[in-house]
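Peer 1: Just so it is clear, I am handing over coords-v1.tsv, which has TSV, C-alpha atoms.
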```tsv
chain	number	residue	atom	x	y	z
U	1	MET	CA	109.19	96.54	52.18
U	2	SER	CA	111.43	99.00	54.01
U	3	ILE	CA	113.42	98.08	57.09
U	4	ALA	CA	113.71	100.61	59.91
U	5	PRO	CA	117.26	101.77	60.59
U	6	PRO	CA	118.83	100.45	63.80
U	7	MET	CA	118.68	103.85	65.54
U	8	PHE	CA	114.97	104.21	64.78
U	9	THR	CA	114.38	100.67	66.02
U	10	ARG	CA	116.14	101.35	69.31
U	11	ARG	CA	114.16	104.55	69.82
U	12	ALA	CA	110.88	102.82	69.02
U	13	LEU	CA	111.64	100.02	71.47
U	14	ALA	CA	112.56	102.51	74.17
U	15	SER	CA	109.39	104.53	73.58
U	16	ALA	CA	107.28	101.38	73.83
U	17	ALA	CA	109.14	100.24	76.92
U	18	ILE	CA	108.52	103.38	78.91
U	19	LEU	CA	104.76	102.86	78.54
U	20	THR	CA	104.93	99.56	80.42
U	21	LEU	CA	107.95	99.90	82.70
U	22	THR	CA	106.09	101.24	85.72
U	23	GLU	CA	105.40	99.14	88.80
U	24	ALA	CA	101.77	98.76	87.69
U	25	GLY	CA	102.73	97.93	84.11
U	26	LEU	CA	105.26	95.33	85.18
U	27	ALA	CA	102.77	93.86	87.65
U	28	GLN	CA	100.04	93.54	85.05
U	29	ARG	CA	102.49	91.94	82.63
U	30	ALA	CA	102.70	88.97	85.01
U	31	ILE	CA	98.95	88.62	85.70
U	32	PRO	CA	97.08	87.19	82.71
U	33	LEU	CA	93.68	88.75	82.18
U	34	PRO	CA	90.76	88.26	82.56
U	35	HIS	CA	91.14	87.93	86.31
U	36	ARG	CA	88.68	86.81	88.95
U	37	PRO	CA	86.12	89.49	89.95
U	38	GLY	CA	86.82	90.82	93.43
U	39	THR	CA	90.53	89.99	93.21
U	40	ILE	CA	92.62	91.36	96.06
U	41	TRP	CA	95.54	93.14	94.40
U	42	LEU	CA	98.73	92.66	96.38
U	43	ASN	CA	100.93	92.87	93.30
U	44	ALA	CA	102.03	96.50	92.79
U	45	ASN	CA	103.00	97.81	96.24
U	46	GLU	CA	100.07	100.23	96.32
U	47	PHE	CA	98.91	101.80	99.59
U	48	PRO	CA	95.58	100.28	100.69
U	49	SER	CA	93.99	103.46	102.11
U	50	GLY	CA	94.26	105.57	98.97
U	51	PRO	CA	95.02	109.30	98.81
U	52	PRO	CA	94.54	111.50	101.88
U	53	PRO	CA	91.07	113.12	101.92
U	54	ALA	CA	92.66	116.57	101.59
U	55	ALA	CA	94.28	115.52	98.30
U	56	VAL	CA	90.99	114.06	97.01
U	57	ALA	CA	89.20	117.31	97.85
U	58	ALA	CA	91.90	119.37	96.13
U	59	MET	CA	91.65	117.28	92.97
U	60	SER	CA	87.86	117.43	92.97
U	61	LYS	CA	87.90	121.18	93.36
U	62	VAL	CA	90.06	121.76	90.31
U	63	LEU	CA	88.32	119.32	87.95
U	64	ASN	CA	86.03	121.99	86.55
U	65	GLU	CA	89.09	124.10	85.75
U	66	SER	CA	90.95	121.36	83.93
U	67	ASN	CA	90.19	122.92	80.55
U	68	ARG	CA	93.23	125.13	81.25
U	69	TYR	CA	96.90	124.10	81.36
U	70	HIS	CA	97.55	126.12	84.53
U	71	TYR	CA	101.20	126.61	83.60
U	72	GLU	CA	101.29	129.75	85.73
U	73	GLU	CA	100.97	127.59	88.87
U	74	PHE	CA	103.95	125.38	88.25
U	75	GLU	CA	106.66	127.77	89.43
U	76	THR	CA	104.97	128.02	92.82
U	77	PHE	CA	104.48	124.25	92.89
U	78	PHE	CA	108.15	123.52	92.17
U	79	ALA	CA	109.17	125.98	94.88
U	80	ALA	CA	106.89	124.35	97.47
U	81	LEU	CA	107.95	120.81	96.57
U	82	SER	CA	111.67	121.58	96.67
U	83	ALA	CA	111.35	123.58	99.91
U	84	SER	CA	109.68	120.58	101.58
U	85	MET	CA	113.04	118.79	101.25
U	86	ASN	CA	115.26	121.79	101.98
U	87	LEU	CA	116.22	122.04	98.30
U	88	ARG	CA	115.87	124.69	95.61
U	89	PRO	CA	113.62	124.47	92.52
U	90	GLY	CA	116.69	123.94	90.35
U	91	ASN	CA	117.40	120.74	92.29
U	92	ILE	CA	114.26	118.90	91.18
U	93	LEU	CA	112.68	117.47	88.06
U	94	VAL	CA	109.01	116.45	88.32
U	95	GLY	CA	107.53	113.69	86.19
U	96	ALA	CA	104.70	111.18	85.87
U	97	GLY	CA	105.69	109.07	88.85
U	98	SER	CA	109.34	108.38	89.61
U	99	THR	CA	109.54	106.08	86.58
U	100	GLU	CA	109.50	108.99	84.12
U	101	VAL	CA	112.40	110.75	85.82
U	102	LEU	CA	114.22	107.41	86.10
U	103	HIS	CA	113.83	107.26	82.31
U	104	CYS	CA	115.35	110.75	82.07
U	105	ALA	CA	118.35	109.66	84.14
U	106	VAL	CA	118.96	106.61	81.95
U	107	GLU	CA	118.84	108.80	78.83
U	108	ALA	CA	121.16	111.42	80.33
U	109	PHE	CA	123.79	109.33	82.10
U	110	ALA	CA	123.94	105.90	80.46
U	111	ALA	CA	125.19	105.36	76.92
U	112	PRO	CA	126.71	102.69	74.67
U	113	ASP	CA	130.05	103.33	76.40
U	114	ARG	CA	128.60	104.03	79.90
U	115	PRO	CA	126.70	101.05	81.30
U	116	PHE	CA	123.69	100.92	83.58
U	117	ILE	CA	125.03	99.16	86.69
U	118	THR	CA	122.67	97.77	89.31
U	119	GLY	CA	122.29	95.34	92.15
U	120	TRP	CA	120.16	92.35	91.18
U	121	PRO	CA	117.35	91.56	91.49
U	122	THR	CA	115.81	95.00	91.69
U	123	PHE	CA	113.10	97.14	90.07
U	124	GLU	CA	113.33	96.26	86.38
U	125	ALA	CA	112.38	99.56	84.74
U	126	GLY	CA	115.91	100.96	84.68
U	127	PRO	CA	117.79	97.97	83.31
U	128	GLU	CA	115.05	97.07	80.84
U	129	LEU	CA	114.91	100.60	79.45
U	130	ALA	CA	118.70	100.78	79.20
U	131	ALA	CA	118.74	97.48	77.32
U	132	ALA	CA	116.01	98.72	74.97
U	133	LYS	CA	118.17	101.75	74.23
U	134	GLY	CA	121.09	99.50	73.35
U	135	PHE	CA	123.10	100.45	76.44
U	136	PRO	CA	125.11	97.78	78.28
U	137	VAL	CA	123.57	96.58	81.54
U	138	VAL	CA	125.66	95.08	84.35
U	139	LYS	CA	123.78	93.22	87.11
U	140	VAL	CA	125.66	92.73	90.39
U	141	LYS	CA	124.34	90.06	92.75
U	142	LEU	CA	123.00	91.34	96.08
U	143	THR	CA	124.98	90.43	99.19
U	144	GLY	CA	124.02	87.67	101.60
U	145	SER	CA	121.99	90.23	103.59
U	146	TYR	CA	120.24	91.36	100.38
U	147	SER	CA	121.93	94.76	100.36
U	148	SER	CA	123.68	96.28	97.35
U	149	ASP	CA	127.31	95.20	96.96
U	150	VAL	CA	128.62	98.76	96.89
U	151	GLU	CA	132.26	97.81	96.42
U	152	GLU	CA	131.47	95.73	93.35
U	153	LEU	CA	129.18	98.42	91.95
U	154	ALA	CA	131.99	100.98	92.23
U	155	ALA	CA	134.59	98.55	90.87
U	156	THR	CA	132.40	97.84	87.86
U	157	ALA	CA	132.01	101.54	87.09
U	158	LYS	CA	135.75	102.02	87.41
U	159	ARG	CA	136.50	99.12	85.03
U	160	THR	CA	134.07	100.41	82.42
U	161	GLY	CA	135.13	104.05	82.59
U	162	GLY	CA	131.96	105.33	84.26
U	163	GLY	CA	128.22	104.89	83.95
U	164	LEU	CA	125.01	105.07	85.95
U	165	ILE	CA	124.83	103.09	89.21
U	166	TYR	CA	121.27	102.34	90.38
U	167	VAL	CA	120.44	101.50	94.00
U	168	CYS	CA	116.81	100.99	95.07
U	169	ASN	CA	116.73	101.63	98.83
U	170	PRO	CA	114.69	99.96	100.28
U	171	ASN	CA	115.05	97.54	97.44
U	172	ASN	CA	112.18	96.31	95.32
U	173	PRO	CA	111.49	93.31	95.38
U	174	THR	CA	113.45	92.20	98.46
U	175	SER	CA	112.26	94.97	100.85
U	176	SER	CA	115.83	95.03	102.18
U	177	ILE	CA	118.05	98.06	102.72
U	178	THR	CA	121.58	99.17	101.97
U	179	GLY	CA	122.88	100.79	105.14
U	180	LYS	CA	123.95	104.40	105.48
U	181	ALA	CA	127.61	103.47	106.02
U	182	GLU	CA	127.70	101.49	102.77
U	183	MET	CA	125.92	104.28	100.89
U	184	ARG	CA	128.34	106.89	102.19
U	185	TRP	CA	131.27	104.71	101.14
U	186	LEU	CA	129.80	104.38	97.65
U	187	VAL	CA	129.31	108.13	97.28
U	188	GLU	CA	132.83	108.83	98.50
U	189	ASN	CA	134.26	106.26	96.08
U	190	LEU	CA	132.27	107.01	92.93
U	191	PRO	CA	134.61	106.66	89.95
U	192	ALA	CA	134.98	109.42	87.39
U	193	ASN	CA	132.13	109.86	84.89
U	194	THR	CA	129.76	108.03	87.23
U	195	HIS	CA	126.40	109.10	88.63
U	196	LEU	CA	124.61	107.34	91.48
U	197	LEU	CA	120.83	107.02	91.10
U	198	VAL	CA	119.11	106.20	94.40
U	199	ASP	CA	115.46	105.14	94.17
U	200	GLU	CA	113.72	105.99	97.45
U	201	ALA	CA	110.16	105.09	96.46
U	202	TYR	CA	109.75	103.06	99.65
U	203	ILE	CA	111.96	104.91	102.12
U	204	HIS	CA	109.02	106.26	104.14
U	205	PHE	CA	108.02	102.75	105.20
U	206	SER	CA	111.23	102.07	107.16
U	207	ASP	CA	112.20	103.38	110.56
U	208	SER	CA	115.56	101.59	110.66
U	209	THR	CA	118.40	103.59	112.19
U	210	HIS	CA	120.67	101.97	109.59
U	211	LEU	CA	118.82	103.61	106.70
U	212	GLU	CA	119.39	107.21	105.67
U	213	SER	CA	118.05	109.22	102.75
U	214	ALA	CA	120.52	110.11	100.03
U	215	LEU	CA	119.02	113.61	99.81
U	216	GLY	CA	121.83	114.77	102.09
U	217	PHE	CA	124.32	113.93	99.34
U	218	VAL	CA	122.31	116.05	96.92
U	219	ARG	CA	122.50	118.98	99.35
U	220	ASP	CA	126.26	118.41	99.50
U	221	ASN	CA	126.48	118.64	95.67
U	222	ALA	CA	127.60	115.04	95.20
U	223	ASN	CA	127.13	113.20	91.91
U	224	VAL	CA	123.90	111.71	93.27
U	225	ILE	CA	120.32	111.76	91.99
U	226	VAL	CA	117.45	110.70	94.26
U	227	LEU	CA	114.09	109.46	93.02
U	228	ARG	CA	110.93	109.99	95.07
U	229	THR	CA	107.26	109.32	94.35
U	230	PHE	CA	103.80	110.14	95.68
U	231	SER	CA	102.58	106.73	94.46
U	232	LYS	CA	103.37	104.69	97.55
U	233	ILE	CA	102.92	106.01	101.10
U	234	TYR	CA	100.84	108.95	99.84
U	235	GLY	CA	98.48	106.49	98.13
U	236	MET	CA	98.41	108.35	94.82
U	237	ALA	CA	99.77	105.77	92.35
U	238	GLY	CA	97.10	106.63	89.78
U	239	VAL	CA	97.76	110.37	90.09
U	240	ARG	CA	101.28	109.83	88.66
U	241	VAL	CA	103.55	112.33	90.40
U	242	GLY	CA	107.21	111.75	91.20
U	243	PHE	CA	110.44	113.67	91.04
U	244	ALA	CA	114.20	113.45	90.85
U	245	ALA	CA	116.44	115.53	93.11
U	246	GLY	CA	119.99	116.33	92.07
U	247	ARG	CA	122.55	119.00	91.39
U	248	PRO	CA	121.28	121.71	89.04
U	249	ASP	CA	123.67	120.59	86.28
U	250	SER	CA	122.38	117.01	86.55
U	251	ILE	CA	118.77	118.19	86.46
U	252	ARG	CA	119.50	120.27	83.35
U	253	ARG	CA	120.95	117.22	81.59
U	254	MET	CA	117.85	115.18	82.41
U	255	THR	CA	115.23	117.83	81.60
U	256	PRO	CA	115.16	117.46	77.77
U	257	TYR	CA	114.00	113.86	78.16
U	258	ARG	CA	110.94	114.67	80.28
U	259	ASN	CA	107.77	114.18	78.27
U	260	ASN	CA	105.60	117.00	79.67
U	261	VAL	CA	104.34	118.62	82.85
U	262	ILE	CA	102.08	116.67	85.19
U	263	SER	CA	98.34	117.38	85.38
U	264	ILE	CA	96.91	120.22	87.44
U	265	MET	CA	95.06	117.58	89.49
U	266	GLY	CA	98.43	116.10	90.44
U	267	VAL	CA	99.79	119.53	91.36
U	268	ARG	CA	96.90	120.33	93.65
U	269	ALA	CA	96.91	116.83	95.21
U	270	VAL	CA	100.61	117.01	96.07
U	271	LEU	CA	100.33	120.51	97.54
U	272	ALA	CA	97.46	119.36	99.75
U	273	ALA	CA	99.39	116.25	100.83
U	274	LEU	CA	102.51	118.25	101.69
U	275	GLU	CA	100.48	120.48	103.97
U	276	LEU	CA	99.66	117.45	106.13
U	277	GLY	CA	103.24	117.42	107.40
U	278	PRO	CA	105.36	114.60	108.84
U	279	LYS	CA	102.69	113.24	111.21
U	280	PHE	CA	100.68	112.05	108.22
U	281	LEU	CA	103.66	110.01	107.02
U	282	ASP	CA	104.38	108.70	110.52
U	283	ASP	CA	100.79	107.52	110.93
U	284	ARG	CA	100.81	105.74	107.59
U	285	ARG	CA	104.19	104.14	108.28
U	286	LEU	CA	102.91	102.81	111.61
U	287	GLU	CA	99.74	101.53	109.93
U	288	ILE	CA	101.73	99.47	107.44
U	289	ALA	CA	104.31	98.40	110.03
U	290	ARG	CA	101.59	96.97	112.27
U	291	THR	CA	99.96	94.99	109.47
U	292	ARG	CA	103.36	93.92	108.12
U	293	ALA	CA	104.44	92.66	111.56
U	294	SER	CA	101.27	90.62	111.89
U	295	PHE	CA	101.87	89.03	108.49
U	296	THR	CA	105.53	88.20	109.19
U	297	ALA	CA	104.56	86.74	112.56
U	298	TRP	CA	102.11	84.49	110.70
U	299	CYS	CA	104.90	83.50	108.28
U	300	ARG	CA	107.14	82.54	111.20
U	301	ALA	CA	104.36	80.48	112.74
U	302	LYS	CA	103.97	78.64	109.42
U	303	GLN	CA	107.76	78.22	109.12
U	304	LEU	CA	107.86	80.29	105.93
U	305	ASP	CA	111.17	82.05	105.47
U	306	TYR	CA	111.08	85.70	104.46
U	307	ILE	CA	113.48	88.59	103.96
U	308	GLU	CA	113.25	91.11	106.81
U	309	PRO	CA	111.05	93.83	105.27
U	310	HIS	CA	111.54	97.60	105.26
U	311	GLY	CA	109.05	98.46	102.50
U	312	ASN	CA	105.30	97.96	102.20
U	313	PHE	CA	105.83	94.46	100.86
U	314	VAL	CA	107.34	91.18	101.97
U	315	MET	CA	109.30	88.63	99.95
U	316	ILE	CA	108.68	85.12	101.26
U	317	ASP	CA	110.15	81.78	100.26
U	318	THR	CA	107.38	79.30	99.48
U	319	GLY	CA	109.72	76.40	98.82
U	320	LYS	CA	107.86	75.80	95.56
U	321	ASP	CA	108.10	77.03	91.98
U	322	ASN	CA	106.86	80.60	92.19
U	323	GLY	CA	105.17	80.52	88.78
U	324	GLY	CA	102.75	77.85	89.97
U	325	VAL	CA	102.20	79.54	93.31
U	326	ILE	CA	101.48	82.91	91.69
U	327	ALA	CA	99.01	81.34	89.26
U	328	ALA	CA	97.26	79.40	92.03
U	329	LEU	CA	96.95	82.45	94.28
U	330	THR	CA	95.61	84.58	91.43
U	331	ALA	CA	93.07	81.91	90.48
U	332	ARG	CA	91.80	82.05	94.08
U	333	GLY	CA	91.44	85.81	94.04
U	334	VAL	CA	94.72	87.01	95.60
U	335	ALA	CA	97.18	88.51	93.10
U	336	PRO	CA	100.78	88.61	94.41
U	337	GLY	CA	103.77	90.22	92.74
U	338	ARG	CA	105.39	88.95	89.57
U	339	PRO	CA	108.36	86.53	89.51
U	340	PHE	CA	111.78	88.02	90.17
U	341	PRO	CA	114.50	85.76	88.73
U	342	PRO	CA	116.73	84.26	89.96
U	343	TYR	CA	114.52	83.84	93.03
U	344	ASP	CA	112.56	80.89	91.66
U	345	THR	CA	110.77	79.99	94.92
U	346	LYS	CA	110.22	83.46	96.36
U	347	ILE	CA	107.14	85.63	95.90
U	348	ARG	CA	106.55	89.30	96.74
U	349	ILE	CA	103.36	90.20	98.57
U	350	THR	CA	102.25	93.79	99.07
U	351	VAL	CA	101.04	94.70	102.55
U	352	GLY	CA	97.37	95.52	102.05
U	353	SER	CA	94.64	96.28	104.55
U	354	ASP	CA	94.15	94.03	107.58
U	355	ALA	CA	91.16	92.44	105.86
U	356	ASP	CA	93.17	91.87	102.67
U	357	MET	CA	95.96	90.18	104.59
U	358	GLU	CA	93.58	87.86	106.44
U	359	VAL	CA	92.25	86.64	103.11
U	360	CYS	CA	95.82	86.38	101.81
U	361	LYS	CA	96.84	84.19	104.76
U	362	THR	CA	93.93	81.82	104.21
U	363	VAL	CA	94.50	81.48	100.47
U	364	LEU	CA	98.27	81.24	100.80
U	365	ALA	CA	97.96	78.52	103.40
U	366	ASP	CA	95.62	76.58	101.11
U	367	VAL	CA	97.97	76.90	98.11
U	368	LEU	CA	101.05	75.92	100.11
U	369	GLY	CA	99.32	73.17	102.05
U	370	VAL	CA	99.97	74.56	105.52
U	371	PRO	CA	97.44	74.90	108.37
U	372	ALA	CA	95.36	78.06	107.91
U	373	GLY	CA	94.92	78.91	111.60
```
Translate the structure of the given file into structure tokens.

Peer 2:
Amino acid sequence: MSIAPPMFTRRALASAAILTLTEAGLAQRAIPLPHRPGTIWLNANEFPSGPPPAAVAAMSKVLNESNRYHYEEFETFFAALSASMNLRPGNILVGAGSTEVLHCAVEAFAAPDRPFITGWPTFEAGPELAAAKGFPVVKVKLTGSYSSDVEELAATAKRTGGGLIYVCNPNNPTSSITGKAEMRWLVENLPANTHLLVDEAYIHFSDSTHLESALGFVRDNANVIVLRTFSKIYGMAGVRVGFAAGRPDSIRRMTPYRNNVISIMGVRAVLAALELGPKFLDDRRLEIARTRASFTAWCRAKQLDYIEPHGNFVMIDTGKDNGGVIAALTARGVAPGRPFPPYDTKIRITVGSDADMEVCKTVLADVLGVPAG
């Protein structure tokens, strides 16, 4: 019986990992199936209202033409997408959700002698993929305010001779932010041979004056790559469209690791969504903020501690082992997020519709033994 060489093994593990290291894949990993019919899914930070009607119409219209690749449309699509952020087509790399382009960044900028450096806990796809590739992973504890410890991240990169620093902002799972002053300090103090990867999957859900997109650093030609997705506030998680924005030389280094182009349905959906303009995003942010505020007010009334949220999810402290709480909630038809060690008593709950959250409150109160009213 032959034994696969170590390099082949690492590549096989990495290929298998990328199939499951999306938010949905990681969420399903923690929820044993079969699940209760009619389960309310508050486990993957999905938007409750779904895609905008204009995007649904655009996808429906092109279905009968999906026998073609439509490659001739992609140049125009890249131009429109990049222009929407005041960037050029050479500044972006489009993939199947932001997880694919995160994968590309890990492949391009981490290595056996260049670690993947991240605040912890955070979205697991990056560090798990890096580990599967055999790259060193350094996890830096979040600060007392649940922001990234930018000084320690930079110091780690300097000690190791460079690497890839990952900051999810707002952070998944804590829903906390790393402020614009800290982010600017980190960019200005990036050690040699170091790239900063900023995951902004949830940035549209925050209106904090302390939070600022890192796209400005890309426009300034810094060693920064920004990840964005249409999975969250646009409500198109199943459509699988995301992108990385960076300097043209960074994008060129990442491009060989992209698997393929996205579907023509995704192209048309994104173009239709972009045409809706900023008011569409503002309305959706306000929708989530209102429901989120109602849920956190309920938590305060029940004396449940939580981390001040800036994403479309809330991390609350149940005071009990989260494995048991997650199992009990799921058994009663409300599926929360997966465990995030080392937070053994905290659970992450996606902000769903108002109706979803009312059911969540009732079931959560029953599981935790607090008054439901």

Peer 1: Between U:Ala181, U:Ile264, U:Leu215, U:Ile117, single out the one closest to Gly162 in chain U, counting only C-alpha atoms.

Peer 2: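 Ranked by minimum distance to Gly162 in chain U, first place goes to U:Ile117.
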
Peer 1: Just give me the gap between CA of Leu81 in chain U and CA of Ile165 in chain U in Å, one decimal is fine.

Peer 2: 25.6 Å

Peer 1: For Ile347 in chain U, find every residue with an atom within 7 Å (counting only C-alpha atoms), except residues of its own chain fewer than 6 positions away, and show them as a list in words.

Peer 2: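 Result of the neighbour search: Met315, Ile316, Asp317, Asn322, Gly337 and Pro339 of chain U.
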
Peer 1: Could you pull the residues within 9 Å of Pro121 in chain U, counting only C-alpha atoms, minus those fewer than 3 positions along the same chain, as number ranges by chain?

Peer 2: U: 118, 124, 139-142, 171-174, 340-343

Peer 1: Name all residues at most 12 Å from Ser49 in chain U (count only C-alpha atoms; drop same-chain ones fewer than 2 positions away) and give them as number ranges by chain.

Peer 2: U: 46-47, 51-53, 231-237, 283-285, 287-288, 351-356

Peer 1: Taking 5 positions as the minimum chain separation for residues in the same chain, which residues sit within 8 Å of Gly163 in chain U when counting all atoms listed in the file? Answer as a PyMOL selection string.

Peer 2: chain U and resi 109-111+113-117+157+193-195

Peer 1: Using all atoms listed in the file, which protein or nucleic acid residues come within 12 Å of Glu65 in chain U? Drop anything in the same chain fewer than 5 positions from it, and give the result as a list in words.

Peer 2: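 Residues near the query, excluding close chain neighbours: Ala58, Met59, Ser60, His70, Ser263, Ile264, Met265 and Arg268 of chain U.
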